[in-house]
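Inspection log for the structure reproduced underneath, given as structure tokens.
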Amino acid sequence: MRNAGRSLAILILLAPFAVAQDAMQLFKQAVATFDALPKTTYDFEMVEVSDFAMGGYHSRTEQRHRIVGSRGRWRDETLPKGLLSISDGLYRWGYNPDRSDEYTKVNFSGVAAAAPLLSMFQITTYLVKSARMLREETLELASGPVACQVIEVEREPNPDRVQTSPITYWIDTSRNLVLKANYIVTIRDSGRQAPSVQNATYSFAKAAVGQFVDDELLRFTPPADALQVDQLRFGPKSALVGQDTPEFSLKGTDKAAITATTLRGKTVLLMFGEQPESEMVAIAEMAYRSFRGSGLTVYYVLPKKYQAGIDSQYSVPVAIDTDGSAAKQLGLDRSYGKILIDGFGKVVFTDSGSGNRLDLVKALQKAGVW
């Protein structure tokens, strides 16, 4: 009896260790599954949800992707009909249906791999501090309910300004396949009172491995009249380019009206931002300081809720889009982007946030202010 009692006590003491070992083993098996994807076929539909907050600002984005692969080749398409990336074993192609007259093509000379968006599930066990079982939970996929084991993986602390929370994984133990992951990234910058916080969730509505994949999905033929470019542009082409600037109304921080009429005769760059603290402010400031002597007028445009303006360290003039109508009249689908108007009052460049700065440089050169 004494030996039996001692054995029971040892089992009780070792139980937490065994569970931890099981969680770590499950995590390693899931990593191995994603590592092996380039050697097989797969068809995923992923939903990517990101909640971002900084101070009083909050935004939420959701994107769906269909990710298909076979023997190292892959296709990643934003749904329902968005950006397309294909690696066919020889080249990596990029194509945006909104800009059907251009595409990118890069020689592929690397090692066969799974689609880049799946790389977050291929993380190695390097720097993993611990893993623990949380619970069992059923997820609903297109194929039906799937029972998952939920685990939490904590990595070694990072002294950097970027801190990542423990990552929660929902794993289909019958296939050692991650079907959902969630984590929080916190960034603390000196000079900012509040950190930025991003809560990211990746989940699969469809997850098939080792099944038939149509080879046509992994090929790309550019449209006959499309041109190869170095970088894709995003958002539909603006019908305003080359046209007279439509009448719009902004207010300066001094309450003065800023309209297409009052700006006539000036080359003007309107940079619409969503908040006072963003990369766009710094870009607007650089443009203002660099080119005001060359005849360029720059305004950083903010929504009404930020009518107090921007930090005093910046000198770029600020304008307020009091009701959001100016952004709409200038063809921006959201209050974010850049508009360049020449001295004749014509729109010569628009960009709804693609980050294609080279095109802006060319437009500034053509307008004679670069």
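In the structure tokens, chains take letters A, B, ... by order of appearance, with residues numbered from 1 within each chain and ligands from 1 in the order shown.
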
message = Taking the DSSP secondary structure from the backbone, can you list the residues of segment 173-263 of chain A that are helix (DSSP H, G or I), as a PyMOL selection string?
response = chain A and resi 215-218

Using the selection just defined, write its residues with C-alpha atoms as a PDB file, in the first residue's frame.
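Result saved to out33.pdb:
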ATOM      1  CA  ASP A 215      -2.794  22.882 -62.132  1.00  0.00           C
ATOM      2  CA  GLU A 216      -4.345  25.810 -64.011  1.00  0.00           C
ATOM      3  CA  LEU A 217      -4.606  27.690 -60.720  1.00  0.00           C
ATOM      4  CA  LEU A 218      -0.811  27.730 -60.528  1.00  0.00           C
TER       5      LEU A 218
END

key: Exercise: Lys328 of chain A partners within 12 Å, only C-alpha atoms, chain neighbours under 6 positions left out, as a ChimeraX atom specification   = /A:238,240,246-249,272,321,334-337,339,352

Taking only residues of segment 93-177 of chain A that have an atom at most 6 Å from an atom of segment 23-47 of chain A, what is each one's shortest atom pair and its distance in Å to one decimal, using only C-alpha atoms, in chain and number order, as JSON lines?
{"residue": "A:Ala113", "atom": "CA", "partner": "A:Pro38", "partner_atom": "CA", "distance": 5.1}
{"residue": "A:Ala114", "atom": "CA", "partner": "A:Pro38", "partner_atom": "CA", "distance": 5.1}
{"residue": "A:Gln122", "atom": "CA", "partner": "A:Val31", "partner_atom": "CA", "distance": 5.3}
{"residue": "A:Ala131", "atom": "CA", "partner": "A:Met24", "partner_atom": "CA", "distance": 5.2}
{"residue": "A:Arg132", "atom": "CA", "partner": "A:Ala23", "partner_atom": "CA", "distance": 5.2}
{"residue": "A:Met133", "atom": "CA", "partner": "A:Ala23", "partner_atom": "CA", "distance": 5.6}
{"residue": "A:Asn176", "atom": "CA", "partner": "A:Ala30", "partner_atom": "CA", "distance": 4.7}
{"residue": "A:Leu177", "atom": "CA", "partner": "A:Ala30", "partner_atom": "CA", "distance": 5.4}

Export, as a CSV table (one decimal), in the first residue's frame, the selected residues with C-alpha atoms.
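This is the output file part.csv:
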chain,number,residue,atom,x,y,z
A,113,ALA,CA,8.3,26.9,-50.2
A,114,ALA,CA,4.7,27.3,-49.2
A,122,GLN,CA,5.9,27.5,-40.0
A,131,ALA,CA,3.5,25.6,-24.2
A,132,ARG,CA,0.4,24.6,-22.3
A,133,MET,CA,-2.9,23.1,-23.0
A,176,ASN,CA,-1.8,18.2,-36.7
A,177,LEU,CA,-3.0,21.2,-38.5

Ala284 of chain A surroundings by only C-alpha atoms, 10 Å radius, close-in-sequence under 2 positions cut, as a PDB file with N, CA, C and O atoms, in the first residue's frame:
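Below is the file around-v1.pdb, written as the result:
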ATOM      1  N   LEU A 269      -0.355  69.679 -53.226  1.00  0.00           N
ATOM      2  CA  LEU A 269      -0.376  68.281 -52.800  1.00  0.00           C
ATOM      3  C   LEU A 269      -1.240  68.187 -51.547  1.00  0.00           C
ATOM      4  O   LEU A 269      -0.907  68.764 -50.511  1.00  0.00           O
ATOM      5  N   LEU A 270      -2.368  67.493 -51.667  1.00  0.00           N
ATOM      6  CA  LEU A 270      -3.250  67.254 -50.529  1.00  0.00           C
ATOM      7  C   LEU A 270      -2.989  65.844 -50.021  1.00  0.00           C
ATOM      8  O   LEU A 270      -3.168  64.871 -50.755  1.00  0.00           O
ATOM      9  N   MET A 271      -2.572  65.736 -48.778  1.00  0.00           N
ATOM     10  CA  MET A 271      -2.271  64.430 -48.192  1.00  0.00           C
ATOM     11  C   MET A 271      -3.289  64.153 -47.095  1.00  0.00           C
ATOM     12  O   MET A 271      -3.233  64.742 -46.013  1.00  0.00           O
ATOM     13  N   PHE A 272      -4.239  63.282 -47.396  1.00  0.00           N
ATOM     14  CA  PHE A 272      -5.309  62.951 -46.459  1.00  0.00           C
ATOM     15  C   PHE A 272      -4.828  61.872 -45.491  1.00  0.00           C
ATOM     16  O   PHE A 272      -4.408  60.789 -45.904  1.00  0.00           O
ATOM     17  N   GLY A 273      -4.902  62.174 -44.206  1.00  0.00           N
ATOM     18  CA  GLY A 273      -4.517  61.208 -43.181  1.00  0.00           C
ATOM     19  C   GLY A 273      -5.697  60.875 -42.291  1.00  0.00           C
ATOM     20  O   GLY A 273      -6.663  61.631 -42.207  1.00  0.00           O
ATOM     21  N   GLU A 279       2.671  57.877 -40.234  1.00  0.00           N
ATOM     22  CA  GLU A 279       3.793  58.059 -41.150  1.00  0.00           C
ATOM     23  C   GLU A 279       3.483  59.144 -42.173  1.00  0.00           C
ATOM     24  O   GLU A 279       4.371  59.857 -42.632  1.00  0.00           O
ATOM     25  N   MET A 280       2.197  59.292 -42.511  1.00  0.00           N
ATOM     26  CA  MET A 280       1.790  60.263 -43.521  1.00  0.00           C
ATOM     27  C   MET A 280       2.147  61.692 -43.103  1.00  0.00           C
ATOM     28  O   MET A 280       2.488  62.529 -43.935  1.00  0.00           O
ATOM     29  N   VAL A 281       2.078  61.982 -41.796  1.00  0.00           N
ATOM     30  CA  VAL A 281       2.426  63.326 -41.324  1.00  0.00           C
ATOM     31  C   VAL A 281       3.888  63.629 -41.634  1.00  0.00           C
ATOM     32  O   VAL A 281       4.227  64.709 -42.122  1.00  0.00           O
ATOM     33  N   ALA A 282       4.750  62.659 -41.351  1.00  0.00           N
ATOM     34  CA  ALA A 282       6.178  62.859 -41.594  1.00  0.00           C
ATOM     35  C   ALA A 282       6.462  63.043 -43.083  1.00  0.00           C
ATOM     36  O   ALA A 282       7.294  63.876 -43.470  1.00  0.00           O
ATOM     37  N   MET A 286       8.064  66.366 -44.844  1.00  0.00           N
ATOM     38  CA  MET A 286       9.243  66.346 -45.720  1.00  0.00           C
ATOM     39  C   MET A 286       8.944  67.010 -47.059  1.00  0.00           C
ATOM     40  O   MET A 286       9.767  67.763 -47.595  1.00  0.00           O
ATOM     41  N   ALA A 287       7.755  66.712 -47.611  1.00  0.00           N
ATOM     42  CA  ALA A 287       7.379  67.324 -48.889  1.00  0.00           C
ATOM     43  C   ALA A 287       7.265  68.838 -48.744  1.00  0.00           C
ATOM     44  O   ALA A 287       7.723  69.599 -49.608  1.00  0.00           O
ATOM     45  N   TYR A 288       6.675  69.269 -47.637  1.00  0.00           N
ATOM     46  CA  TYR A 288       6.486  70.706 -47.402  1.00  0.00           C
ATOM     47  C   TYR A 288       7.832  71.422 -47.287  1.00  0.00           C
ATOM     48  O   TYR A 288       8.067  72.453 -47.928  1.00  0.00           O
ATOM     49  N   ARG A 289       8.726  70.867 -46.490  1.00  0.00           N
ATOM     50  CA  ARG A 289      10.021  71.521 -46.282  1.00  0.00           C
ATOM     51  C   ARG A 289      10.889  71.475 -47.535  1.00  0.00           C
ATOM     52  O   ARG A 289      11.641  72.408 -47.813  1.00  0.00           O
ATOM     53  N   SER A 290      10.790  70.372 -48.276  1.00  0.00           N
ATOM     54  CA  SER A 290      11.677  70.181 -49.428  1.00  0.00           C
ATOM     55  C   SER A 290      11.270  70.994 -50.648  1.00  0.00           C
ATOM     56  O   SER A 290      12.135  71.453 -51.404  1.00  0.00           O
ATOM     57  N   VAL A 298       1.557  72.382 -49.833  1.00  0.00           N
ATOM     58  CA  VAL A 298       1.216  71.089 -49.228  1.00  0.00           C
ATOM     59  C   VAL A 298       0.243  71.308 -48.074  1.00  0.00           C
ATOM     60  O   VAL A 298       0.431  72.215 -47.256  1.00  0.00           O
ATOM     61  N   TYR A 299      -0.785  70.467 -48.011  1.00  0.00           N
ATOM     62  CA  TYR A 299      -1.697  70.440 -46.869  1.00  0.00           C
ATOM     63  C   TYR A 299      -1.810  69.007 -46.361  1.00  0.00           C
ATOM     64  O   TYR A 299      -1.960  68.069 -47.155  1.00  0.00           O
ATOM     65  N   TYR A 300      -1.736  68.869 -45.046  1.00  0.00           N
ATOM     66  CA  TYR A 300      -2.048  67.581 -44.430  1.00  0.00           C
ATOM     67  C   TYR A 300      -3.499  67.666 -43.974  1.00  0.00           C
ATOM     68  O   TYR A 300      -3.859  68.524 -43.164  1.00  0.00           O
ATOM     69  N   VAL A 301      -4.356  66.792 -44.510  1.00  0.00           N
ATOM     70  CA  VAL A 301      -5.803  66.886 -44.296  1.00  0.00           C
ATOM     71  C   VAL A 301      -6.258  65.836 -43.284  1.00  0.00           C
ATOM     72  O   VAL A 301      -5.951  64.648 -43.424  1.00  0.00           O
ATOM     73  N   TYR A 314       5.686  69.745 -36.063  1.00  0.00           N
ATOM     74  CA  TYR A 314       5.501  69.799 -37.508  1.00  0.00           C
ATOM     75  C   TYR A 314       5.056  71.195 -37.926  1.00  0.00           C
ATOM     76  O   TYR A 314       4.301  71.865 -37.223  1.00  0.00           O
ATOM     77  N   SER A 315       5.506  71.594 -39.102  1.00  0.00           N
ATOM     78  CA  SER A 315       5.155  72.925 -39.601  1.00  0.00           C
ATOM     79  C   SER A 315       4.279  72.880 -40.846  1.00  0.00           C
ATOM     80  O   SER A 315       3.836  73.921 -41.326  1.00  0.00           O
ATOM     81  N   VAL A 316       4.014  71.687 -41.391  1.00  0.00           N
ATOM     82  CA  VAL A 316       3.186  71.578 -42.589  1.00  0.00           C
ATOM     83  C   VAL A 316       1.775  72.093 -42.282  1.00  0.00           C
ATOM     84  O   VAL A 316       1.214  71.793 -41.222  1.00  0.00           O
ATOM     85  N   PRO A 317       1.194  72.906 -43.163  1.00  0.00           N
ATOM     86  CA  PRO A 317      -0.168  73.408 -42.927  1.00  0.00           C
ATOM     87  C   PRO A 317      -1.179  72.266 -42.847  1.00  0.00           C
ATOM     88  O   PRO A 317      -1.062  71.265 -43.556  1.00  0.00           O
ATOM     89  N   VAL A 318      -2.168  72.438 -41.981  1.00  0.00           N
ATOM     90  CA  VAL A 318      -3.201  71.423 -41.773  1.00  0.00           C
ATOM     91  C   VAL A 318      -4.541  71.950 -42.262  1.00  0.00           C
ATOM     92  O   VAL A 318      -4.880  73.120 -42.061  1.00  0.00           O
ATOM     93  N   LYS A 338      -3.474  60.548 -51.387  1.00  0.00           N
ATOM     94  CA  LYS A 338      -2.774  61.744 -51.860  1.00  0.00           C
ATOM     95  C   LYS A 338      -3.373  62.208 -53.184  1.00  0.00           C
ATOM     96  O   LYS A 338      -3.685  61.393 -54.048  1.00  0.00           O
TER      97      LYS A 338
END

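Between Leu139 of chain A and the residues A:Pro116, A:Ser70, A:Asp22, A:Phe204, the shortest atom-to-atom distance, using only C-alpha atoms, involves A:Phe204.
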
key: strand (DSSP E or B) residues, from DSSP on the backbone, in segment 212-335 of chain A, as a PyMOL selection string   = chain A and resi 227-228+244+249-252+257-259+267-272+296-303+318-321

Point-to-point distance from atom CA of Asp244 of chain A to atom CA of Lys304 of chain A, Å rounded to tenths = 26.0 Å

Minimum-distance residue to Ala256 of chain A, chosen among A:Leu79, A:Leu232, A:Arg60, A:Ala319 (using only C-alpha atoms) =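 Result for the nearest residue to Ala256 of chain A: A:Ala319.
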
message = Could you list, as a list in words, every residue within 7 Å of Val106 of chain A, counting only C-alpha atoms and ignoring same-chain residues fewer than 5 positions away?
response =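 Counting only C-alpha atoms, the residues come to Tyr91, Arg92 and Trp93 of chain A.
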
Take the selection from the previous step and output its residues with C-alpha atoms, as a tab-separated table (two decimals), in the first residue's frame.
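As a result, out-v6.tsv now contains:
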chain	number	residue	atom	x	y	z
A	91	TYR	CA	8.63	33.18	-61.86
A	92	ARG	CA	6.71	34.99	-59.19
A	93	TRP	CA	3.82	36.96	-60.65

request  = Considering only C-alpha atoms, return as a ChimeraX atom specification whatever protein or nucleic-acid residues lie within 12 Å of Arg188 of chain A, sequence-local ones (same chain, fewer than 4 positions apart) excluded.
outcome  = /A:54-55,159-164,192-198

For the residues in the current selection, export N, CA, C and O atoms as a compact mmCIF listing (two decimals), in the first residue's frame.
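Produced file part-v5.txt, reproduced below:
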# COMPACT_ATOMS: atom_id res chain seq x y z
N MET A 54 -4.62 52.86 -31.04
CA MET A 54 -3.55 53.71 -30.52
C MET A 54 -4.20 54.98 -29.98
O MET A 54 -4.78 55.76 -30.73
N GLY A 55 -4.13 55.15 -28.67
CA GLY A 55 -4.80 56.28 -28.06
C GLY A 55 -6.30 56.17 -28.29
O GLY A 55 -6.92 55.15 -28.02
N PRO A 159 13.58 42.08 -25.60
CA PRO A 159 13.81 43.41 -25.02
C PRO A 159 13.47 44.56 -25.96
O PRO A 159 13.57 45.72 -25.60
N ASP A 160 13.05 44.24 -27.18
CA ASP A 160 12.75 45.25 -28.18
C ASP A 160 11.50 46.03 -27.80
O ASP A 160 10.73 45.63 -26.92
N ARG A 161 11.27 47.15 -28.51
CA ARG A 161 10.07 47.96 -28.27
C ARG A 161 8.81 47.24 -28.74
O ARG A 161 7.70 47.61 -28.37
N VAL A 162 8.98 46.20 -29.56
CA VAL A 162 7.85 45.42 -30.06
C VAL A 162 7.69 44.18 -29.18
O VAL A 162 8.59 43.35 -29.10
N GLN A 163 6.56 44.07 -28.53
CA GLN A 163 6.29 42.94 -27.64
C GLN A 163 5.12 42.13 -28.18
O GLN A 163 4.08 42.69 -28.54
N THR A 164 5.30 40.81 -28.24
CA THR A 164 4.25 39.92 -28.73
C THR A 164 3.75 39.06 -27.58
O THR A 164 4.54 38.48 -26.83
N ARG A 192 5.61 58.93 -27.50
CA ARG A 192 4.17 58.68 -27.61
C ARG A 192 3.62 58.25 -26.27
O ARG A 192 4.16 57.34 -25.64
N GLN A 193 2.56 58.90 -25.85
CA GLN A 193 1.98 58.58 -24.55
C GLN A 193 1.36 57.19 -24.53
O GLN A 193 1.49 56.46 -23.56
N ALA A 194 0.69 56.85 -25.62
CA ALA A 194 -0.01 55.56 -25.66
C ALA A 194 0.67 54.62 -26.65
O ALA A 194 1.10 55.04 -27.73
N PRO A 195 0.79 53.34 -26.30
CA PRO A 195 1.36 52.38 -27.26
C PRO A 195 0.35 52.04 -28.34
O PRO A 195 -0.86 52.28 -28.19
N SER A 196 0.82 51.48 -29.43
CA SER A 196 -0.10 50.94 -30.44
C SER A 196 -0.28 49.45 -30.15
O SER A 196 0.67 48.77 -29.79
N VAL A 197 -1.51 48.99 -30.30
CA VAL A 197 -1.83 47.60 -29.98
C VAL A 197 -2.57 46.99 -31.16
O VAL A 197 -3.58 47.52 -31.62
N GLN A 198 -2.06 45.88 -31.66
CA GLN A 198 -2.70 45.16 -32.75
C GLN A 198 -3.08 43.76 -32.28
O GLN A 198 -2.24 43.00 -31.81

query = At what distance in Å, to one decimal, does atom CA of Lys255 of chain A lie from atom CA of Val241 of chain A?
reply = 28.7 Å

Show which residues sit within 12 Å of Gln365 of chain A, as a tab-separated table (two decimals) with all heavy atoms, in the first residue's frame. Count only C-alpha atoms, and ignore same-chain residues fewer than 2 positions away.
chain	number	residue	atom	x	y	z
A	267	THR	N	0.43	74.71	-57.57
A	267	THR	CA	0.59	73.26	-57.59
A	267	THR	C	0.43	72.78	-56.16
A	267	THR	O	1.18	73.21	-55.27
A	267	THR	CB	1.98	72.87	-58.13
A	267	THR	OG1	2.13	73.39	-59.46
A	267	THR	CG2	2.12	71.35	-58.17
A	291	PHE	N	9.95	71.19	-50.85
A	291	PHE	CA	9.51	71.73	-52.14
A	291	PHE	C	8.72	73.03	-52.07
A	291	PHE	O	8.28	73.53	-53.10
A	291	PHE	CB	8.67	70.67	-52.87
A	291	PHE	CG	9.40	69.38	-53.08
A	291	PHE	CD1	8.97	68.22	-52.45
A	291	PHE	CD2	10.53	69.32	-53.87
A	291	PHE	CE1	9.65	67.03	-52.63
A	291	PHE	CE2	11.21	68.13	-54.06
A	291	PHE	CZ	10.78	66.98	-53.43
A	294	SER	N	10.08	75.48	-54.26
A	294	SER	CA	9.94	75.19	-55.69
A	294	SER	C	8.53	75.44	-56.19
A	294	SER	O	8.22	75.14	-57.34
A	294	SER	CB	10.32	73.73	-55.95
A	294	SER	OG	11.63	73.46	-55.52
A	296	LEU	N	5.59	74.32	-54.51
A	296	LEU	CA	4.60	73.32	-54.13
A	296	LEU	C	3.91	73.72	-52.83
A	296	LEU	O	4.56	74.01	-51.83
A	296	LEU	CB	5.25	71.95	-53.94
A	296	LEU	CG	4.30	70.81	-53.54
A	296	LEU	CD1	3.31	70.51	-54.66
A	296	LEU	CD2	5.09	69.55	-53.17
A	340	LEU	N	-2.59	65.25	-56.20
A	340	LEU	CA	-1.73	66.33	-56.69
A	340	LEU	C	-2.48	67.09	-57.78
A	340	LEU	O	-2.98	66.50	-58.74
A	340	LEU	CB	-0.42	65.76	-57.26
A	340	LEU	CG	0.59	66.80	-57.77
A	340	LEU	CD1	1.08	67.69	-56.63
A	340	LEU	CD2	1.77	66.11	-58.45
A	342	ASP	N	-2.26	70.41	-60.44
A	342	ASP	CA	-1.28	71.31	-61.04
A	342	ASP	C	-1.79	72.76	-61.06
A	342	ASP	O	-2.91	73.05	-60.62
A	342	ASP	CB	-0.88	70.84	-62.44
A	342	ASP	CG	-2.00	70.96	-63.48
A	342	ASP	OD1	-3.03	71.61	-63.19
A	342	ASP	OD2	-1.84	70.39	-64.58
A	348	VAL	N	-3.48	65.65	-61.44
A	348	VAL	CA	-2.43	64.96	-62.19
A	348	VAL	C	-1.97	63.68	-61.51
A	348	VAL	O	-1.24	62.88	-62.10
A	348	VAL	CB	-1.22	65.89	-62.43
A	348	VAL	CG1	-1.61	67.04	-63.35
A	348	VAL	CG2	-0.66	66.42	-61.12
A	349	PHE	N	-2.41	63.46	-60.26
A	349	PHE	CA	-2.02	62.24	-59.55
A	349	PHE	C	-3.00	61.99	-58.42
A	349	PHE	O	-3.40	62.90	-57.71
A	349	PHE	CB	-0.61	62.39	-58.98
A	349	PHE	CG	-0.19	61.24	-58.08
A	349	PHE	CD1	0.33	60.07	-58.62
A	349	PHE	CD2	-0.32	61.33	-56.70
A	349	PHE	CE1	0.71	59.02	-57.80
A	349	PHE	CE2	0.06	60.28	-55.87
A	349	PHE	CZ	0.57	59.12	-56.43
A	358	LEU	N	7.03	56.23	-55.94
A	358	LEU	CA	7.75	56.51	-57.18
A	358	LEU	C	6.83	57.22	-58.18
A	358	LEU	O	7.26	58.15	-58.87
A	358	LEU	CB	8.29	55.22	-57.79
A	358	LEU	CG	9.08	55.37	-59.09
A	358	LEU	CD1	10.29	56.29	-58.88
A	358	LEU	CD2	9.54	54.00	-59.59
A	359	ASP	N	5.57	56.81	-58.23
A	359	ASP	CA	4.62	57.47	-59.14
A	359	ASP	C	4.39	58.92	-58.72
A	359	ASP	O	4.23	59.80	-59.56
A	359	ASP	CB	3.29	56.72	-59.14
A	359	ASP	CG	3.39	55.38	-59.85
A	359	ASP	OD1	4.30	55.22	-60.68
A	359	ASP	OD2	2.58	54.48	-59.57
A	360	LEU	N	4.38	59.17	-57.41
A	360	LEU	CA	4.22	60.54	-56.93
A	360	LEU	C	5.43	61.38	-57.32
A	360	LEU	O	5.29	62.54	-57.74
A	360	LEU	CB	4.02	60.56	-55.41
A	360	LEU	CG	3.94	61.94	-54.76
A	360	LEU	CD1	2.81	62.77	-55.35
A	360	LEU	CD2	3.77	61.81	-53.24
A	361	VAL	N	6.62	60.80	-57.19
A	361	VAL	CA	7.84	61.52	-57.58
A	361	VAL	C	7.77	61.91	-59.05
A	361	VAL	O	8.07	63.06	-59.43
A	361	VAL	CB	9.08	60.65	-57.31
A	361	VAL	CG1	10.32	61.28	-57.96
A	361	VAL	CG2	9.30	60.48	-55.81
A	362	LYS	N	7.35	60.98	-59.90
A	362	LYS	CA	7.25	61.26	-61.33
A	362	LYS	C	6.24	62.38	-61.60
A	362	LYS	O	6.47	63.25	-62.44
A	362	LYS	CB	6.84	59.99	-62.09
A	362	LYS	CG	7.92	58.92	-62.10
A	362	LYS	CD	7.44	57.66	-62.82
A	362	LYS	CE	8.51	56.58	-62.84
A	362	LYS	NZ	8.03	55.34	-63.49
A	363	ALA	N	5.12	62.36	-60.86
A	363	ALA	CA	4.10	63.40	-61.04
A	363	ALA	C	4.62	64.76	-60.60
A	363	ALA	O	4.36	65.78	-61.24
A	363	ALA	CB	2.84	63.02	-60.26
A	367	ALA	N	5.16	68.04	-62.89
A	367	ALA	CA	4.53	69.31	-62.54
A	367	ALA	C	5.56	70.43	-62.37
A	367	ALA	O	5.20	71.59	-62.17
A	367	ALA	CB	3.73	69.15	-61.25
A	368	GLY	N	6.86	70.07	-62.41
A	368	GLY	CA	7.91	71.07	-62.36
A	368	GLY	C	8.30	71.55	-60.98
A	368	GLY	O	8.92	72.61	-60.84
A	369	VAL	N	7.95	70.78	-59.94
A	369	VAL	CA	8.29	71.21	-58.58
A	369	VAL	C	9.31	70.29	-57.91
A	369	VAL	O	9.67	70.50	-56.76
A	369	VAL	CB	7.02	71.31	-57.70
A	369	VAL	CG1	6.12	72.41	-58.19
A	369	VAL	CG2	6.29	69.97	-57.64
A	370	TRP	N	9.76	69.28	-58.62
A	370	TRP	CA	10.76	68.35	-58.04
A	370	TRP	C	12.15	68.76	-58.52
A	370	TRP	O	12.38	68.85	-59.71
A	370	TRP	CB	10.45	66.93	-58.47
A	370	TRP	CG	11.41	65.92	-57.89
A	370	TRP	CD1	12.64	65.59	-58.39
A	370	TRP	CD2	11.23	65.11	-56.73
A	370	TRP	NE1	13.24	64.62	-57.62
A	370	TRP	CE2	12.39	64.31	-56.58
A	370	TRP	CE3	10.22	64.99	-55.77
A	370	TRP	CZ2	12.55	63.40	-55.53
A	370	TRP	CZ3	10.37	64.08	-54.75
A	370	TRP	CH2	11.53	63.30	-54.63

query = Which value, in Å to one decimal, gives the distance between atom CA of Leu117 of chain A and atom CA of Gln275 of chain A?
reply = 28.4 Å

Glu140 of chain A surroundings by only C-alpha atoms, 10 Å radius, close-in-sequence under 3 positions cut, as a list in words = Ser143, Gly144, Pro145, Val146, Ala147, Phe204, Ala205 and Lys206 of chain A
